[in-house]
>>> print(open('coords.cif').read())   # mmCIF, C-alpha atoms
data_protein
#
loop_
_atom_site.label_atom_id
_atom_site.label_comp_id
_atom_site.auth_asym_id
_atom_site.auth_seq_id
_atom_site.Cartn_x
_atom_site.Cartn_y
_atom_site.Cartn_z
CA MET F 237 -4.99 14.17 12.28
CA ARG F 238 -8.05 12.27 11.20
CA THR F 239 -9.96 9.60 13.09
CA THR F 240 -10.14 6.06 11.74
CA PRO F 241 -13.73 5.00 11.03
CA LYS F 242 -15.30 2.94 13.81
CA LEU F 243 -16.53 -0.53 12.93
CA SER F 244 -20.05 -1.61 13.80
CA ILE F 245 -20.63 -4.56 16.15
CA PHE F 246 -21.85 -6.60 13.18
CA ARG F 247 -18.80 -5.76 11.14
CA SER F 248 -16.50 -6.59 14.08
CA LEU F 249 -18.14 -10.03 14.44
CA LYS F 250 -17.77 -10.51 10.72
CA LEU F 251 -14.07 -9.74 10.99
CA CYS F 252 -13.66 -12.34 13.73
CA LEU F 253 -15.12 -14.97 11.41
CA ILE F 254 -13.06 -13.85 8.42
CA PHE F 255 -9.73 -13.58 10.19
CA LEU F 256 -9.52 -16.60 12.50
CA LEU F 257 -5.76 -16.49 12.23
CA PRO F 258 -2.96 -16.74 14.80
CA LYS F 259 -1.92 -13.33 16.08
CA LEU F 260 1.56 -13.21 14.61
CA GLU F 261 2.26 -16.43 12.73
CA VAL F 262 0.23 -17.78 9.83
CA SER F 263 0.55 -20.06 6.83
CA SER F 264 1.87 -18.46 3.68
CA ALA F 265 2.84 -19.63 0.20
CA PHE F 266 4.98 -17.28 -1.82
CA ALA F 267 5.01 -17.11 -5.58
CA LEU F 268 8.81 -17.09 -5.65
CA SER F 269 11.85 -17.25 -3.46
CA PRO F 270 12.94 -13.91 -1.96
CA PRO F 271 15.46 -11.93 -3.99
CA PHE F 272 19.08 -12.33 -3.01
CA LEU F 273 22.36 -10.51 -2.82
CA SER F 274 24.77 -11.79 -5.46
CA THR F 275 28.45 -12.49 -4.84
CA LYS F 276 29.20 -8.98 -6.09
CA ARG F 277 29.00 -6.66 -3.10
CA ASP F 278 25.81 -4.57 -2.86
CA SER F 279 24.42 -6.05 -6.08
CA PHE F 280 20.70 -6.54 -5.54
CA VAL F 281 18.91 -8.84 -7.97
CA ILE F 282 15.26 -8.25 -8.79
CA PRO F 283 13.76 -11.49 -10.15
CA MET F 284 11.61 -10.44 -13.10
CA SER F 285 9.39 -13.45 -12.46
CA ALA F 286 8.18 -11.66 -9.35
CA SER F 287 4.53 -11.49 -10.26
CA PRO F 288 1.51 -11.17 -8.00
CA SER F 289 0.11 -14.51 -6.92
CA THR F 290 -3.35 -15.42 -8.15
CA GLU F 291 -3.87 -17.98 -5.41
CA GLY F 292 -5.62 -17.04 -2.21
CA LYS F 293 -4.37 -20.04 -0.23
CA MET F 294 -1.22 -20.05 1.85
CA SER F 295 0.83 -23.15 2.70
CA ASN F 296 4.33 -22.41 4.00
CA LYS F 297 4.91 -21.18 7.55
CA PHE F 298 6.02 -17.55 7.65
CA SER F 299 6.66 -15.70 10.89
CA ILE F 300 6.36 -11.93 11.06
CA LYS F 301 8.64 -11.74 14.07
CA ASP F 302 12.11 -10.23 14.29
CA MET F 303 11.45 -7.82 11.44
CA LYS F 304 14.17 -5.25 10.71
CA GLY F 305 12.11 -3.03 8.41
CA VAL F 306 8.55 -1.86 7.81
CA ILE F 307 7.26 -0.31 4.57
CA PHE F 308 3.96 1.56 4.43
CA ASP F 309 1.48 2.31 1.69
CA VAL F 310 0.41 5.98 1.88
CA ASP F 311 -3.22 6.75 0.91
CA GLY F 312 -5.74 4.96 3.10
CA THR F 313 -2.98 3.53 5.29
CA LEU F 314 -1.04 6.48 6.69
CA ALA F 315 -3.01 9.42 5.26
CA ASP F 316 -6.73 10.16 5.30
CA SER F 317 -6.70 11.57 1.78
CA PHE F 318 -9.87 10.14 0.25
CA GLN F 319 -11.55 13.51 -0.28
CA LEU F 320 -8.42 14.96 -1.88
CA GLY F 321 -8.09 12.08 -4.33
CA PHE F 322 -11.80 11.93 -5.08
CA ASP F 323 -12.17 15.67 -5.69
CA ALA F 324 -9.03 15.83 -7.84
CA THR F 325 -10.29 12.89 -9.88
CA GLN F 326 -13.69 14.53 -10.44
CA ALA F 327 -12.00 17.77 -11.50
CA VAL F 328 -9.79 16.02 -14.07
CA LEU F 329 -12.68 13.99 -15.45
CA LYS F 330 -14.86 17.10 -15.75
CA GLN F 331 -12.26 19.17 -17.59
CA ASN F 332 -11.91 16.31 -20.09
CA GLY F 333 -15.65 15.91 -20.65
CA ILE F 334 -15.86 12.57 -18.82
CA SER F 335 -18.79 11.66 -16.60
CA PRO F 336 -18.22 11.86 -12.86
CA ILE F 337 -17.72 8.74 -10.78
CA THR F 338 -19.18 7.62 -7.46
CA PRO F 339 -17.18 7.27 -4.24
CA ASP F 340 -17.47 3.48 -4.54
CA GLU F 341 -15.99 3.60 -8.03
CA TYR F 342 -13.14 5.73 -6.74
CA HIS F 343 -12.43 3.34 -3.86
CA GLU F 344 -12.44 0.34 -6.18
CA GLY F 345 -10.03 2.09 -8.53
CA THR F 346 -7.44 2.84 -5.86
CA ARG F 347 -5.87 -0.59 -6.24
CA TYR F 348 -4.55 0.53 -9.66
CA THR F 349 -1.89 3.01 -10.70
CA THR F 350 -3.16 6.52 -11.47
CA PRO F 351 -3.00 6.15 -15.31
CA VAL F 352 -4.83 2.81 -15.22
CA ARG F 353 -7.40 4.04 -12.71
CA LEU F 354 -8.23 7.16 -14.71
CA ALA F 355 -8.40 5.29 -18.01
CA ARG F 356 -10.87 2.89 -16.42
CA HIS F 357 -12.89 5.82 -15.02
CA ALA F 358 -12.98 7.18 -18.58
CA GLY F 359 -14.68 3.98 -19.68
CA LEU F 360 -11.79 2.61 -21.73
CA ASP F 361 -10.97 -1.08 -22.00
CA SER F 362 -7.36 -2.19 -21.61
CA GLU F 363 -7.84 -5.22 -23.87
CA THR F 364 -9.80 -3.89 -26.83
CA GLN F 365 -8.57 -0.27 -26.67
CA LYS F 366 -5.00 -0.82 -25.53
CA GLU F 367 -3.34 2.11 -27.33
CA GLU F 368 -6.05 4.63 -26.42
CA PHE F 369 -6.22 3.23 -22.88
CA GLU F 370 -2.50 3.85 -22.34
CA SER F 371 -2.30 7.26 -24.02
CA ALA F 372 -5.46 8.63 -22.40
CA GLY F 373 -4.44 7.21 -19.02
CA ALA F 374 -1.03 8.89 -19.22
CA LYS F 375 -2.56 12.25 -20.18
CA LEU F 376 -5.19 12.16 -17.44
CA ALA F 377 -2.60 11.05 -14.88
CA ASP F 378 -0.30 13.97 -15.71
CA GLU F 379 -3.19 16.39 -15.14
CA PHE F 380 -4.20 14.60 -11.96
CA ASP F 381 -0.69 14.53 -10.47
CA GLY F 382 -0.19 18.24 -11.15
CA LEU F 383 -3.36 19.03 -9.24
CA TYR F 384 -3.10 16.33 -6.56
CA VAL F 385 0.44 17.06 -5.35
CA ASP F 386 -0.08 20.83 -5.16
CA LEU F 387 -3.16 20.38 -2.94
CA VAL F 388 -1.41 18.33 -0.25
CA ASN F 389 -1.65 20.00 3.17
CA MET F 390 -2.78 19.15 6.68
CA GLU F 391 -6.39 19.69 5.71
CA THR F 392 -6.34 17.34 2.74
CA ALA F 393 -3.76 14.66 3.60
CA ALA F 394 -3.30 14.53 7.37
CA PHE F 395 -2.36 11.22 8.95
CA PHE F 396 -5.10 9.17 10.58
CA ASP F 397 -5.38 9.60 14.32
CA GLY F 398 -2.67 7.54 16.05
CA ILE F 399 -0.42 7.17 13.01
CA PRO F 400 2.07 9.91 14.01
CA GLU F 401 2.51 8.18 17.36
CA LEU F 402 2.84 4.79 15.69
CA VAL F 403 5.63 6.07 13.42
CA SER F 404 7.42 7.80 16.29
CA GLN F 405 7.36 4.59 18.35
CA ILE F 406 9.12 2.48 15.72
CA PRO F 407 12.46 1.51 17.30
CA PRO F 408 15.55 3.31 15.91
CA ASN F 409 17.06 0.01 14.77
CA VAL F 410 14.06 -0.67 12.49
CA LYS F 411 14.24 0.85 8.99
CA VAL F 412 11.14 2.56 7.57
CA GLY F 413 10.04 2.97 3.94
CA ALA F 414 7.01 4.01 1.89
CA LEU F 415 5.66 2.69 -1.42
CA THR F 416 2.55 4.08 -3.12
CA ASN F 417 0.85 3.48 -6.45
CA ALA F 418 0.52 7.27 -6.74
CA CYS F 419 3.49 9.30 -8.00
CA VAL F 420 6.57 9.56 -5.80
CA ALA F 421 6.22 13.37 -5.56
CA TYR F 422 2.87 12.85 -3.85
CA ALA F 423 4.35 10.45 -1.28
CA VAL F 424 7.19 12.88 -0.55
CA ALA F 425 4.68 15.73 -0.14
CA VAL F 426 2.42 13.79 2.24
CA LEU F 427 5.26 12.55 4.45
CA GLY F 428 6.83 16.02 4.51
CA THR F 429 3.56 17.73 5.34
CA ASN F 430 3.06 15.34 8.25
CA GLY F 431 6.59 15.94 9.49
CA VAL F 432 7.98 12.40 9.24
CA SER F 433 10.15 12.45 6.09
CA GLU F 434 13.41 12.11 7.99
CA ARG F 435 12.28 8.81 9.50
CA PHE F 436 11.83 7.24 6.05
CA SER F 437 15.00 5.90 4.42
CA SER F 438 13.21 4.93 1.20
CA ILE F 439 10.21 6.57 -0.51
CA HIS F 440 8.89 5.44 -3.91
CA GLY F 441 5.86 5.71 -6.17
CA ALA F 442 4.52 3.90 -9.20
CA ASP F 443 6.31 6.32 -11.53
CA ASP F 444 9.86 5.59 -10.32
CA VAL F 445 9.94 1.79 -9.97
CA PRO F 446 10.13 -0.80 -12.79
CA ARG F 447 6.57 -2.04 -12.28
CA PRO F 448 3.85 -0.90 -9.86
CA LYS F 449 1.90 -2.93 -7.33
CA PRO F 450 0.68 -5.68 -7.43
CA PHE F 451 4.15 -6.49 -8.79
CA ALA F 452 6.88 -6.68 -6.17
CA ASP F 453 9.44 -4.46 -7.92
CA GLY F 454 8.83 -1.35 -5.79
CA LEU F 455 9.21 -3.33 -2.57
CA PHE F 456 12.50 -4.76 -3.82
CA VAL F 457 13.74 -1.23 -4.55
CA CYS F 458 12.77 -0.08 -1.05
CA CYS F 459 14.47 -3.08 0.54
CA LYS F 460 17.67 -2.41 -1.41
CA GLU F 461 17.76 1.20 -0.20
CA MET F 462 17.01 0.09 3.35
CA GLY F 463 19.83 -2.47 3.19
CA LEU F 464 17.50 -5.36 4.01
CA GLN F 465 16.14 -8.53 2.45
CA PRO F 466 12.36 -8.70 1.83
CA SER F 467 12.10 -11.57 4.32
CA GLU F 468 13.29 -9.12 6.99
CA CYS F 469 10.49 -6.62 6.27
CA LEU F 470 6.75 -6.10 6.56
CA TYR F 471 4.53 -4.21 4.15
CA VAL F 472 1.45 -2.45 5.54
CA GLY F 473 -1.40 -1.44 3.22
CA ASP F 474 -5.14 -1.13 2.73
CA SER F 475 -5.52 -2.63 -0.76
CA PRO F 476 -5.56 -6.22 -2.03
CA SER F 477 -2.74 -5.19 -4.38
CA ASP F 478 -0.62 -4.37 -1.31
CA GLY F 479 -1.01 -7.92 -0.02
CA GLU F 480 -0.32 -9.33 -3.49
CA ALA F 481 2.87 -7.27 -3.88
CA ALA F 482 4.19 -8.31 -0.46
CA HIS F 483 3.25 -11.94 -1.15
CA ALA F 484 5.14 -11.86 -4.46
CA ALA F 485 8.18 -10.34 -2.75
CA GLY F 486 8.37 -12.98 -0.04
CA MET F 487 7.55 -10.36 2.57
CA GLY F 488 5.16 -10.31 5.52
CA ALA F 489 1.92 -8.44 4.76
CA VAL F 490 -0.30 -6.54 7.19
CA GLY F 491 -3.65 -5.22 5.95
CA VAL F 492 -5.63 -2.33 7.45
CA LEU F 493 -9.37 -1.76 7.25
CA TRP F 494 -9.66 2.03 7.49
CA GLY F 495 -8.80 2.60 3.82
CA SER F 496 -10.68 2.03 0.58
CA HIS F 497 -11.41 -1.69 0.66
CA PRO F 498 -13.96 -3.78 2.61
CA PRO F 499 -13.06 -6.74 4.88
CA GLU F 500 -14.06 -9.39 2.36
CA LYS F 501 -11.65 -7.98 -0.24
CA LEU F 502 -8.75 -8.04 2.22
CA ALA F 503 -9.76 -11.51 3.42
CA ALA F 504 -9.31 -12.80 -0.13
CA ALA F 505 -5.85 -11.20 -0.43
CA PRO F 506 -2.65 -12.79 0.93
CA PHE F 507 -2.29 -10.76 4.12
CA ASN F 508 -0.72 -12.42 7.16
CA VAL F 509 -2.65 -10.21 9.57
CA VAL F 510 -5.48 -7.69 9.09
CA CYS F 511 -6.01 -4.86 11.60
CA SER F 512 -9.25 -2.95 12.14
CA SER F 513 -7.71 -0.08 14.12
CA VAL F 514 -4.44 1.80 14.54
CA VAL F 515 -4.28 0.41 18.08
CA GLU F 516 -4.31 -3.14 16.67
CA LEU F 517 -1.68 -2.24 14.08
CA THR F 518 0.53 -0.70 16.74
CA SER F 519 0.29 -3.90 18.77
CA VAL F 520 1.07 -6.16 15.81
CA LEU F 521 4.05 -4.08 14.73
CA SER F 522 5.45 -3.68 18.24
CA GLN F 523 5.52 -7.47 18.61
CA SER F 524 7.11 -8.01 15.20
CA TYR F 525 10.20 -5.79 15.46
CA ALA F 526 13.65 -7.27 15.91
CA LYS F 527 15.14 -6.43 19.27
CA SER F 528 17.90 -3.83 19.33
CA LYS F 529 21.36 -5.35 19.65
#
>>> encode(input="coords.cif", output="structure tokens")
Amino acid sequence: MRTTPKLSIFRSLKLCLIFLLPKLEVSSAFALSPPFLSTKRDSFVIPMSASPSTEGKMSNKFSIKDMKGVIFDVDGTLADSFQLGFDATQAVLKQNGISPITPDEYHEGTRYTTPVRLARHAGLDSETQKEEFESAGAKLADEFDGLYVDLVNMETAAFFDGIPELVSQIPPNVKVGALTNACVAYAVAVLGTNGVSERFSSIHGADDVPRPKPFADGLFVCCKEMGLQPSECLYVGDSPSDGEAAHAAGMGAVGVLWGSHPPEKLAAAPFNVVCSSVVELTSVLSQSYAKSK
């Protein structure tokens, strides 16, 4: 297990100013109504208008109490895998004659899918070089995924300290899922390596859902497999795109600060609550779960 980075006193004070929010109930405006079950049994409708919100303000009351499901992002949320992702990225860039990137550039890129991230690292522009951007991104991503997934082990992708206990303490009546913007094989490998796969009833990546985060599609797929509505679930992640995806789905969003993104980036995203430690996250989640009946 890895230890979550400790925040400085200055940074902790900064967080208090940024997140002067009620502990478990905040204002929230969703970009669309939650998806619904049609009159046909088990037919789950994904509204294709489910796009990430571009507004940072929230207006409608949304309580993150009585939740029946929790879905986690993987990298930077459950797993301390920065070095693995960074080193694999540098290796792929080098073998394709592309200049190396800095850690800050890597962290900034983690909000995107792997093909988009690598195309951006290659210096391509999605607007003016659309065809090359997509083809190069797909090629680089295939190389990256082949390397990345094979290198998953307890040295490269162990859970942060406290996360195994957090997962084990989730009540049996609460469903658990995972959604990453990496490939699904990577998510499966990380959860398996950390010995928690059986607890997850839905695991998905950017390559096996209609559209990746910040779109809500992957969360809708997880909810369908978990047998729950998005309004009955929370999504936990470390990236602004995680908050945007949850916001678009009509789902509670919990941000964490031990991943790739600084407090100010998460403050601008539509998270209901932001946690600076696994202890805080454990407390927030334990108060949000629906009671067993």
>>> closest_residue(input="coords.cif", among="F:Phe308, F:Phe451, F:Tyr348, F:Tyr384", to="Gln326 in chain F", atoms="all atoms listed in the file")
F:Tyr384
>>> closest_atom_pairs(input="coords.cif", of="range 349-447 of chain F", to="range 485-501 of chain F", cutoff="12 Å", atoms="only C-alpha atoms", output="tab-separated table")
residue	atom	partner	partner_atom	distance
F:Phe395	CA	F:Trp494	CA	11.8
F:Phe396	CA	F:Trp494	CA	9.0
F:Asp397	CA	F:Trp494	CA	11.1
F:Ile399	CA	F:Trp494	CA	11.9
>>> residues_around(input="coords.cif", residues="Ser438 in chain F", least_positions_apart="6", cutoff="8 Å", atoms="only C-alpha atoms", output="ChimeraX atom specification")
/F:412-414,458,461-462
>>> resolve_selection(input="coords.cif", expression="the PyMOL selection byres ((chain F and resi 352-357) around 7)", output="MDAnalysis selection string")
chainID F and resid 345:346 348:351 358:361 369 372:373 376:377
>>> resolve_selection(input="coords.cif", expression="the PyMOL selection byres ((chain F and resi 442) around 9)", output="PyMOL selection string")
chain F and resi 349-350+415-420+440-441+443-449+454
>>> closest_residue(input="coords.cif", among="F:Asp453, F:Asp302, F:Glu468, F:Glu379", to="Leu329 in chain F", atoms="all atoms listed in the file")
F:Glu379
>>> closest_residue(input="coords.cif", among="F:Pro400, F:Pro339, F:Gly312, F:Pro407", to="Thr429 in chain F", atoms="only C-alpha atoms")
F:Pro400
>>> atom_distance(input="coords.cif", atom1="CA of Ile439 in chain F", atom2="CA of Tyr525 in chain F")
20.2 Å
>>> closest_residue(input="coords.cif", among="F:Lys460, F:Asp323, F:Asn389, F:Ala481", to="Pro336 in chain F", atoms="only C-alpha atoms")
F:Asp323
>>> atom_distance(input="coords.cif", atom1="CA of Ser475 in chain F", atom2="CA of Leu502 in chain F")
7.0 Å
>>> closest_residue(input="coords.cif", among="F:Gly333, F:Gly305, F:Gly479, F:Pro506", to="Pro450 in chain F", atoms="only C-alpha atoms")
F:Gly479
